[in-house]
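Read through the structure below, which is laid out as structure tokens, and then see the notes.
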Amino acid sequence: MLGYERLAVSRISRGLVDIKSFHDTIDVADLLVRLAQIVRSRRHSGGLRPVQWEILRYLSHANRISRCPGFLALYLGTTRGTVSQTLITLEKKGLITRERNAFDGRGTLLNLTAKGRRTAASDPLQELRTVTESMTGGAALGEGLRDLLGQMQKLGDLKPFGVCRDCGHFHQEAEADRDHFCDTLNEPVSEEDTHLICLEFNPEAT
Ligand code: SF4
């Protein structure tokens, strides 16, 4: 039994969780598994393997400091060795490039090439995004799933990842024509960059 399952069973047995709400949770879990099956069935497309698509997707949505092999491996829940092999393949296909990471002066910064960006735009999961965005409750669904993911990461003691607006390091600028500010990077953050996944994300920072 996984850690969060043990916790849920223990809380129910101590009367801390209402059994009806637990069954509602089971239904949500079942729905998520069924959705994951549909997503899995669409992951092979354009001559790329699922993990190759996951990397293109990540590089499209991660900020400058987070586009490094180590954090990519953490995000995908895999080893650096596996990521390294896949990066070599993507480089040979002309979809990504590597350069020295100016942020820490040591590591590697991964970038999509123009061909990589075009390929990422034909993501087989785009259909899922389109359907979600067209739903009346799409935004609320996104909020709920983000919250669920955060709680599961906490229970599993996994590194959280997220974007500026949910991060304790973020200082929002009220004036529309001025950049926001990140107090851990100690630099301005453009409105566009606030939507990107970040390595230094910390929802509990004060
Ligand atoms: S505010 Fe948080 S998420 Fe945004 S760049 Fe800074 S550390 Fe990253």
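By convention in this document, the chains of the structure tokens carry letters A, B, ... by their order, each chain's residues are numbered from 1, and ligands are numbered from 1 in the order they are shown.
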
_Surroundings of ligand 1 up to 8 Å, based on only C-alpha atoms and all ligand atoms, as a ChimeraX atom specification_ = /A:63,162-171,181-185,189,193-194,196-203

Mind dumping the selected residues with C-alpha atoms as a tab-separated table (two decimals), in the first residue's frame?
```
chain	number	residue	atom	x	y	z
A	63	ASN	CA	11.74	28.85	-17.38
A	162	GLY	CA	4.80	25.20	-10.14
A	163	VAL	CA	4.59	28.74	-11.48
A	164	CYS	CA	5.18	32.20	-10.02
A	165	ARG	CA	1.66	33.10	-8.96
A	166	ASP	CA	1.56	30.17	-6.48
A	167	CYS	CA	5.13	30.75	-5.22
A	168	GLY	CA	6.08	32.41	-1.94
A	169	HIS	CA	9.06	34.13	-3.62
A	170	PHE	CA	6.80	36.02	-6.03
A	171	HIS	CA	6.02	39.74	-5.68
A	181	PHE	CA	9.86	40.49	-8.96
A	182	CYS	CA	11.34	37.20	-7.67
A	183	ASP	CA	13.14	37.50	-4.33
A	184	THR	CA	15.07	34.24	-4.66
A	185	LEU	CA	16.49	35.04	-8.12
A	189	VAL	CA	10.07	38.49	-13.85
A	193	ASP	CA	7.63	34.17	-17.58
A	194	THR	CA	5.21	33.97	-14.63
A	196	LEU	CA	6.53	28.96	-16.80
A	197	ILE	CA	7.48	25.97	-14.60
A	198	CYS	CA	10.26	26.86	-12.16
A	199	LEU	CA	12.98	24.86	-10.38
A	200	GLU	CA	13.01	27.26	-7.41
A	201	PHE	CA	9.23	27.20	-6.91
A	202	ASN	CA	8.33	27.08	-3.24
A	203	PRO	CA	4.70	27.58	-2.22
```

*Please provide as a ChimeraX atom specification all residues within 10 Å of region 77-91 of chain A, with the sequence filter that same-chain residues fewer than 4 positions apart are discarded (counting only C-alpha atoms).*
/A:48-49,51-53,55-56,69-73,95-98,110,112-113,116,158

*Determine, counting only C-alpha atoms, which protein, DNA and RNA residues have an atom within 10 Å of an atom of Cys68 (chain A); residues of the same chain fewer than 6 positions away are not included. Present the result as a ChimeraX atom specification.*
/A:59,62,98-101,107-111,199

*Give the strand (DSSP E) residues of region 103-178 of chain A, as DSSP finds them on the backbone, and put them as an MDAnalysis selection string.*
chainID A and resid 108:112 170:171

Same residues, N, CA and C atoms, output as a CSV table (one decimal), in the first residue's frame:
```
chain,number,residue,atom,x,y,z
A,108,THR,N,24.2,22.7,-17.9
A,108,THR,CA,23.7,22.8,-19.3
A,108,THR,C,22.3,23.4,-19.4
A,109,LEU,N,22.2,24.3,-20.3
A,109,LEU,CA,20.9,24.9,-20.6
A,109,LEU,C,20.3,24.2,-21.8
A,110,LEU,N,19.1,23.7,-21.7
A,110,LEU,CA,18.5,23.0,-22.9
A,110,LEU,C,17.5,24.0,-23.5
A,111,ASN,N,17.5,24.0,-24.9
A,111,ASN,CA,16.6,24.9,-25.6
A,111,ASN,C,16.0,24.1,-26.8
A,112,LEU,N,14.7,24.5,-27.1
A,112,LEU,CA,14.1,24.0,-28.3
A,112,LEU,C,14.6,24.7,-29.5
A,170,PHE,N,7.3,35.1,-5.0
A,170,PHE,CA,6.8,36.0,-6.0
A,170,PHE,C,6.2,37.3,-5.5
A,171,HIS,N,6.6,38.4,-6.1
A,171,HIS,CA,6.0,39.7,-5.7
A,171,HIS,C,5.4,40.3,-6.9
```

*Just the alpha helix (DSSP H) stuff from region 26-206 of chain A, please, per backbone DSSP, written as a PyMOL selection string.*
chain A and resi 26-41+50-61+69-76+80-92+114-121+126-134+138-155

*Of the residues A:Pro188, A:Leu148, A:Ser66, A:Gly138, which is the one nearest to Ala29 (chain A), using only C-alpha atoms?*
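Using only C-alpha atoms, the shortest distance to Ala29 (chain A) belongs to A:Leu148.
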